[in-house]
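A.B. asks: Next up is a structure, given as structure tokens.
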Amino acid sequence: MQEFSPSTLLVLVPLLPLVGAILTVLLGRQLGAKAHLPAIAGIAGAAAVAVMLLAATARDVGPAHGVHAEPVRPVEMIATLWNWATFDSAYAPPAGSPAADPHLTPQDLAAGKDIRSFSIPVALRLDPLTATMLTIITCVGLLVAIYSTGYMHDDPGYPRFFALVAMFVFSMSMLVAASNFLLVYVFWEAVGACSYLLIGFWFTKPEAARAAKKAFLVNRVGDFGLAIAVFLLWMSYGTLDFHDTISPDGVIMPGIFGQTRLADAAGYVGGILGTAICLLLLLAACGKSAQLPLHVWLPDAMEGPTPASALIHAATMVTAGIYLITRSAPLFAACPGALTIVSIVGATTALVAALIGTVQNDLKRVLAYSTISQLGYMFASLGTGTLLGFTAAIFHLLTHACFKALLFLGAGSVMHSMGGVIDMRRFGGLRRVMPITAATFLVGSAALAGVAPFAGFFSKDEILAALHAKAWPAAHGDHHAAAAADGPFQLARFAAEASHSAGSAVGLDALDRPETWQILFWMSLITAGLTAFYTFRAVFMTFTGPTRVPEGAHGHGHGHDDGHGHDSHAGHAAHAGHGGHAGNAHESYESPWTMTLPLVILAVPSALVGWLLFTTNWLSHFLSATPSLTAPAVASTATPHMFHMNLAIQGTLAAAIGIVIAAIGHLGRRSDGPQMERFLGPLQTLFANKFYFDPIYSALVVRPLEGLALVAAMFDRYVVDGIVDSIAGIPVALGGIVRRSQSGLLQRYALAGVMGVLAIVVLLAWQLRG
Amino acid sequence: MNGFSPATHLLLVIATPLIGAVVAWVLGGRGLSAVRQSAAMTAVITLVNAGWLVLRYLQSPEAAAGEPYAVSSAPWLVGGIFDVRLSLGLDGLSIWLFGLSALLSLTAVLVSWNAIREKPVGFYVLLLLLEAAMLGVFAARDVILFYVFFEFTLVPLFFLIGIWGHDERRRAAVKFFIYTLAGSVLAFLGLLTIVLWNASHTGTVTFDIASLTAGTAAHPLPMSREGGWLQMIVFLALFAGFAVKVPIVPFHTWLPLAHVEAPTGGSVDLAGVLLKIGIYGFLRFSLPMLPDATAAAAPWLFGLGVVGILYGALVALVQTDLKRLIAYSSVSHMGYIVMGLFALEPVAVEGANLQLINHGLSAAGLFALVGMIYERFHTRSIANLGGIATKAPWLTVLFMLFTFSSIGLPGLNGFVGEFLILAGSFQRAWAGVAPSLRTPYLIMAVSAVAGVVLGAWYMLWAVERVFFGGSREPPRQGATGHDHGHAAHGHNTHGHDTHGGSDGRCDLEWYEIAALAPLAVFVLWIGLTPAPFLAPPAAMLRANTRGATTAFAERMRTLEDLAPSPQTAHVVDRDQPASREPFTLTSELTLDRP
């Protein structure tokens, strides 16, 4: 292949899916059943390019030397496409703020040399974090698209679906490749819009339309946070660019995550302002990544087609929050209080979502809550603020993308074959009728539950290690203990100290103490056990026990997947499930190869990628060359790579307990909950009602706002308009008195008006002259 | 491409609709299709000509230098101390609004294609007169001429609403007319006072806007007790006229009524162009001529803008009539523009100016689509509509596009304006006001961002109800009512099952696509590359807001001196940077000052 420059390649990653989406829109009708071709070709091309970029970036970073952490040279490349908008002399940074240029003398300031133009370039970046994210997005996107050719077969909206998926891959690639906070915001909303359109894909279903609207609105609350954070960042740093730019007269303008600012230990705002920015970014991340208190949209989003759930609401879009916080690592590192909040939010979400997940009976909802819970894990890890924490979060993001996409696609395969039914209580022993789905689902479940040596085990172990290191710093070897006194640790805290000395300690910073982290660690460990429990509960209920196939499987599909019943495998199974109950154990209900192939492909990394990346330590070494993670405050927390045997044992024990309880309750039985109910008592109600988040929001936010709106409308009608009408009534009343002298013609009135005006003018003129 | 001078070109553009109106009148006897075809032809010719003129302007040296273009001036009342001229021309401030008027006039004609069947001659003649008035108001360079065109936009719309409107058309028309007229008479008085003030200093009674701007800069109207606060009084007089036109809450109640009762074509022009004249008036007269009064009023008007955003959005949330909902969304969106304008920050002002165009495109598009829905289903009640997406997919796609534009989805035009307005407002709140005002300003800016959430709420709620879900059969009016001459697309339009064969689909007709496609193109174009749209007005905006910005900075400095705290805010004065105070990080970080 011809030599392309990396920047050309980088542009191709989003461009190819975009072209695919546009072609699908334009040619969809002509292509008919082949409408998936442009989209799949575009995404496949993007995936190939993304892998090439990953390899090229990895070459730049260089191999890891031994297990000891060493300083890594940041690697980044920027491609600027065009200038979105430019404003001349739009902004003068307050002197002394991080945005100001310290080299300017008072004379320069007096001459206005610091007054800057504000320009927003459409610039893309390539660095290890972006390369990793791009690879995940495009590869999972490709598999999901292939799978969808089987799953969405015969849907009347077939071309629309592929256009939206390609559009999503474009937006998501741009989101992680953008090198500017404004652009991040743009695509932050764009992926939200794609998600809105895909959740509401079957728009004739009122639930789907409602879920779509809910997702968009809850995300808008997060976007509100991001917007304000972006404005505050602009105020504080005088730019929104991530990278350094060079102005026409040769001055380096430090970007927010550019080398210049990263090298400057006091380059980041701390204190109240810094914490406010970080918390607003966290609010945005909570919206997109479905963390408490904004998680309520994700379970409802399962109304969308299952492949969209797999791609957007499990593997990629919901990880945008993790990406954003990792990218903003230096900002967070300057605000320890905000970091602790990140972990608290994450660990709490992980626990709450896992508890809710234990009592769900809808397979997709179990997975949805599990996604929320696993994302919570990643947030907990990010909040440690250590290099290990950040890389562990991305590591878990990667493994989670593989196994959660696998599980969702597996659930979709079940749903597809079972005529749109997704209630686990109506299934049983499906491993006999859909063996490939069952086997791959089991692999995914083992990975999710953290069973060694599947992928999730290693990434979860890293996260627990990151939390453990914060909770018991002394136990974590010489490195940390020594650092506590002086050395790199001092540097790590420098930014925070700087902001403290500036005179505004933030109350939140007091949260950053070992006791907090100990609680968070135990919460995470309990969550690990719960995860294993609900995962295997689902596996046992669905795939073991006496074979049970719901009525209508393969017959005429209804419910979720309307219009799928009579599809590709109608030939061999059209009559298999009639009557439904206790289907023939030897009848195959397996999905077509377009659907099982992606399952098999995803099962491989779900099983192996954790072990591979852990033993070679490749990923964390690679990621540590991301500019944001080379900030001294982050990089100095690097610890030697090691396997934490005691943590592995604890994690495995938790998982084992969960699996055993699930087995006791559900293995080989047609159990659907009575014993759970007995066991949990009133808690069962609490969990089943999802901790009452929706009714609480309805009562505290939605209803009051609607009431206020009603009051405003009444006020508008009777007070504002009423006053206007009564004022208008005065001349009419007066007019009644003098009506006789008036002819009532509009023209006369106008004439009188003009005369009056002229009279006033003459008077005024007289006065002014005098 | 210079067959004729720009000045002639401009005159021709304004004259074309007038000629077209005469032609339509003459053709009146030949029936509906001749009239509407001639009207559409006139609108197309005007649009092409206007578009060409805009392109000529953009390439002209005047545009680069920020000077007026295509200036023509004829003596009208010149003699003695009087110097009144018929003077026309375009500049950065007016160029986009001029183009928008031409564009939306075509939309207005095309959306009326099938809706107007009674008295078509009068309708199209008035619509073309309205177009000429809208083009003229933005081209006027003379106060008298401006006021004539300004008033002249009222008359055609008064009759359009009063004759071709819906059930309550009389009340709506009268209210619209009286309310706007009352305001504009006051505004005229204010303008006359400025003219006389200028005359008392220069000795000539000139109505030329540029001379007045220069004159008031040299001899500002008194803004003190001794001078009788004349500048403030004049500002309030102008405010009365322009605020009603915008409309700024609480002077908005004529708007929903007028919109709901107006025929679709009237709504398109009303929302798309006429509301913009108010803001244009502020930018053309109030800010440059009355800078001190503007600076004094700016915090209040900034706040009024924010109130408008939230108030309009809240009221929109409980509307049951789709058209009324969009009318209130206009109130909310105009709130953003008012806020951006009176933030007096270059970024915000440029955003507000762009948002004029953006709102013109999206609101006009939405009103046009609501009209199309009404033609098909004879109702605008959100409760009675449903599932339109299956019956009219392209209509739905376009409605979604304009909805997304209206709620500020990035990549579309609405986002650009909203973002710049909010960014500028934050900048103003952060580093441009006295310490005592900073917290209120920050609260207002944050509230405005919250309006973005509310905006998405009511629009998406309406979209969900109207377009998604199962198909709700709207109650059909008797076939004798509005149904009568839908020959052109008879059973496409209402052919639910009863007409057989046509599976209930009733998607857009060619003229409807032609009405909306240009708007959709600009929605995307401005969204993706706003820079070429932001650049032309920038110099003019900077010049016209300079006085007010400086005065505002001066006021803030005075307030600061009065403040008990010795801390200094960073008052950026871009024109005299020499007098800047140092600003420390500590004071920036202390948000919770007493």
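Ordering of the structure tokens sets the chain letters (A, B, ...); residue numbers start at 1 within each chain; ligands are numbered from 1 in the order shown.
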Extract, using only C-alpha atoms, all DNA, RNA and protein residues at most 10 Å from region 63-71 of chain B, discarding same-chain residues fewer than 5 positions from it, and format them as number ranges by chain.
C.D. replies: B: 5-11, 53, 56-58, 87-95, 139-141, 210, 535-541, 543
A.B. asks: Nearest to chain A among B:Leu160, B:Val347, B:Leu104, B:Val148, with distances taken over only C-alpha atoms: which residue is it?
C.D. replies: B:Val347
A.B. asks: Please report the interatomic distance between CA of Thr527 (chain A) and CA of Pro293 (chain A) in Å with one decimal.
C.D. replies: 18.0 Å
A.B. asks: As a count of residues only, please: the residues near Gly141 (chain A) (cut-off 9 Å, only C-alpha atoms, same-chain neighbours under 2 positions excluded).
C.D. replies: 18
A.B. asks: Would you list, as a ChimeraX atom specification, the residues of region 221-318 of chain B that end up in helix (DSSP H, G or I) under DSSP run on this structure's backbone?
C.D. replies: /B:230-245,254-261,264-289,291-317
A.B. asks: Just want the 10 Å neighbourhood of Gln37 (chain B), counted on only C-alpha atoms, with same-chain residues fewer than 4 positions away dropped. Output as number ranges by chain.
C.D. replies: B: 24, 32-33, 41-43, 109-110, 113
A.B. asks: Write the residues you've just listed into a file as a PDB file, in the first residue's frame, and include all heavy atoms for each of them.
C.D. replies:
```pdb
ATOM      1  N   ALA B  24     -49.084  40.791 -10.829  1.00  0.00           N
ATOM      2  CA  ALA B  24     -50.014  39.834 -10.230  1.00  0.00           C
ATOM      3  C   ALA B  24     -51.425  40.402 -10.228  1.00  0.00           C
ATOM      4  O   ALA B  24     -52.409  39.697 -10.475  1.00  0.00           O
ATOM      5  CB  ALA B  24     -49.576  39.509  -8.795  1.00  0.00           C
ATOM      6  N   LEU B  32     -56.263  31.595 -10.306  1.00  0.00           N
ATOM      7  CA  LEU B  32     -55.315  31.327  -9.241  1.00  0.00           C
ATOM      8  C   LEU B  32     -53.921  30.993  -9.747  1.00  0.00           C
ATOM      9  O   LEU B  32     -52.928  31.559  -9.319  1.00  0.00           O
ATOM     10  CB  LEU B  32     -55.850  30.194  -8.369  1.00  0.00           C
ATOM     11  CG  LEU B  32     -54.865  29.638  -7.344  1.00  0.00           C
ATOM     12  CD1 LEU B  32     -54.645  30.641  -6.235  1.00  0.00           C
ATOM     13  CD2 LEU B  32     -55.374  28.337  -6.782  1.00  0.00           C
ATOM     14  N   SER B  33     -53.844  30.050 -10.686  1.00  0.00           N
ATOM     15  CA  SER B  33     -52.513  29.547 -11.009  1.00  0.00           C
ATOM     16  C   SER B  33     -51.671  30.616 -11.684  1.00  0.00           C
ATOM     17  O   SER B  33     -50.460  30.698 -11.453  1.00  0.00           O
ATOM     18  CB  SER B  33     -52.602  28.286 -11.856  1.00  0.00           C
ATOM     19  OG  SER B  33     -53.202  28.583 -13.077  1.00  0.00           O
ATOM     20  N   MET B  41     -42.600  33.633  -9.650  1.00  0.00           N
ATOM     21  CA  MET B  41     -41.575  34.084 -10.590  1.00  0.00           C
ATOM     22  C   MET B  41     -40.922  35.370 -10.069  1.00  0.00           C
ATOM     23  O   MET B  41     -39.701  35.505 -10.080  1.00  0.00           O
ATOM     24  CB  MET B  41     -42.238  34.310 -11.957  1.00  0.00           C
ATOM     25  CG  MET B  41     -41.261  34.466 -13.093  1.00  0.00           C
ATOM     26  SD  MET B  41     -40.035  33.139 -13.127  1.00  0.00           S
ATOM     27  CE  MET B  41     -41.035  31.820 -13.765  1.00  0.00           C
ATOM     28  N   THR B  42     -41.761  36.282  -9.605  1.00  0.00           N
ATOM     29  CA  THR B  42     -41.231  37.532  -9.056  1.00  0.00           C
ATOM     30  C   THR B  42     -40.282  37.252  -7.892  1.00  0.00           C
ATOM     31  O   THR B  42     -39.180  37.808  -7.816  1.00  0.00           O
ATOM     32  CB  THR B  42     -42.382  38.407  -8.536  1.00  0.00           C
ATOM     33  OG1 THR B  42     -43.354  38.512  -9.570  1.00  0.00           O
ATOM     34  CG2 THR B  42     -41.888  39.770  -8.151  1.00  0.00           C
ATOM     35  N   ALA B  43     -40.724  36.354  -6.998  1.00  0.00           N
ATOM     36  CA  ALA B  43     -39.895  36.061  -5.828  1.00  0.00           C
ATOM     37  C   ALA B  43     -38.579  35.428  -6.249  1.00  0.00           C
ATOM     38  O   ALA B  43     -37.521  35.730  -5.680  1.00  0.00           O
ATOM     39  CB  ALA B  43     -40.647  35.152  -4.871  1.00  0.00           C
ATOM     40  N   VAL B 109     -44.115  32.626  -0.466  1.00  0.00           N
ATOM     41  CA  VAL B 109     -44.983  32.431  -1.636  1.00  0.00           C
ATOM     42  C   VAL B 109     -45.259  30.943  -1.836  1.00  0.00           C
ATOM     43  O   VAL B 109     -46.402  30.531  -2.051  1.00  0.00           O
ATOM     44  CB  VAL B 109     -44.323  33.040  -2.892  1.00  0.00           C
ATOM     45  CG1 VAL B 109     -45.073  32.614  -4.139  1.00  0.00           C
ATOM     46  CG2 VAL B 109     -44.283  34.546  -2.772  1.00  0.00           C
ATOM     47  N   LEU B 110     -44.219  30.133  -1.720  1.00  0.00           N
ATOM     48  CA  LEU B 110     -44.396  28.710  -2.037  1.00  0.00           C
ATOM     49  C   LEU B 110     -45.236  27.984  -0.993  1.00  0.00           C
ATOM     50  O   LEU B 110     -45.988  27.069  -1.336  1.00  0.00           O
ATOM     51  CB  LEU B 110     -43.024  28.041  -2.178  1.00  0.00           C
ATOM     52  CG  LEU B 110     -42.269  28.437  -3.450  1.00  0.00           C
ATOM     53  CD1 LEU B 110     -40.873  27.829  -3.444  1.00  0.00           C
ATOM     54  CD2 LEU B 110     -43.015  27.997  -4.688  1.00  0.00           C
ATOM     55  N   TRP B 113     -48.875  28.226  -1.721  1.00  0.00           N
ATOM     56  CA  TRP B 113     -49.262  27.678  -3.028  1.00  0.00           C
ATOM     57  C   TRP B 113     -50.659  27.075  -3.025  1.00  0.00           C
ATOM     58  O   TRP B 113     -51.501  27.384  -3.853  1.00  0.00           O
ATOM     59  CB  TRP B 113     -48.242  26.615  -3.409  1.00  0.00           C
ATOM     60  CG  TRP B 113     -48.162  26.362  -4.878  1.00  0.00           C
ATOM     61  CD1 TRP B 113     -48.654  25.270  -5.539  1.00  0.00           C
ATOM     62  CD2 TRP B 113     -47.551  27.190  -5.861  1.00  0.00           C
ATOM     63  NE1 TRP B 113     -48.382  25.373  -6.864  1.00  0.00           N
ATOM     64  CE2 TRP B 113     -47.701  26.552  -7.103  1.00  0.00           C
ATOM     65  CE3 TRP B 113     -46.896  28.419  -5.828  1.00  0.00           C
ATOM     66  CZ2 TRP B 113     -47.220  27.076  -8.294  1.00  0.00           C
ATOM     67  CZ3 TRP B 113     -46.414  28.938  -7.003  1.00  0.00           C
ATOM     68  CH2 TRP B 113     -46.586  28.275  -8.217  1.00  0.00           C
TER      69      TRP B 113
END
```
A.B. asks: Could you give me, as a PyMOL selection string, each residue of region 226-405 of chain A that DSSP assigns to strand (DSSP E or B) when run on this structure's backbone?
C.D. replies: chain A and resi 241+245-246+252-253+362
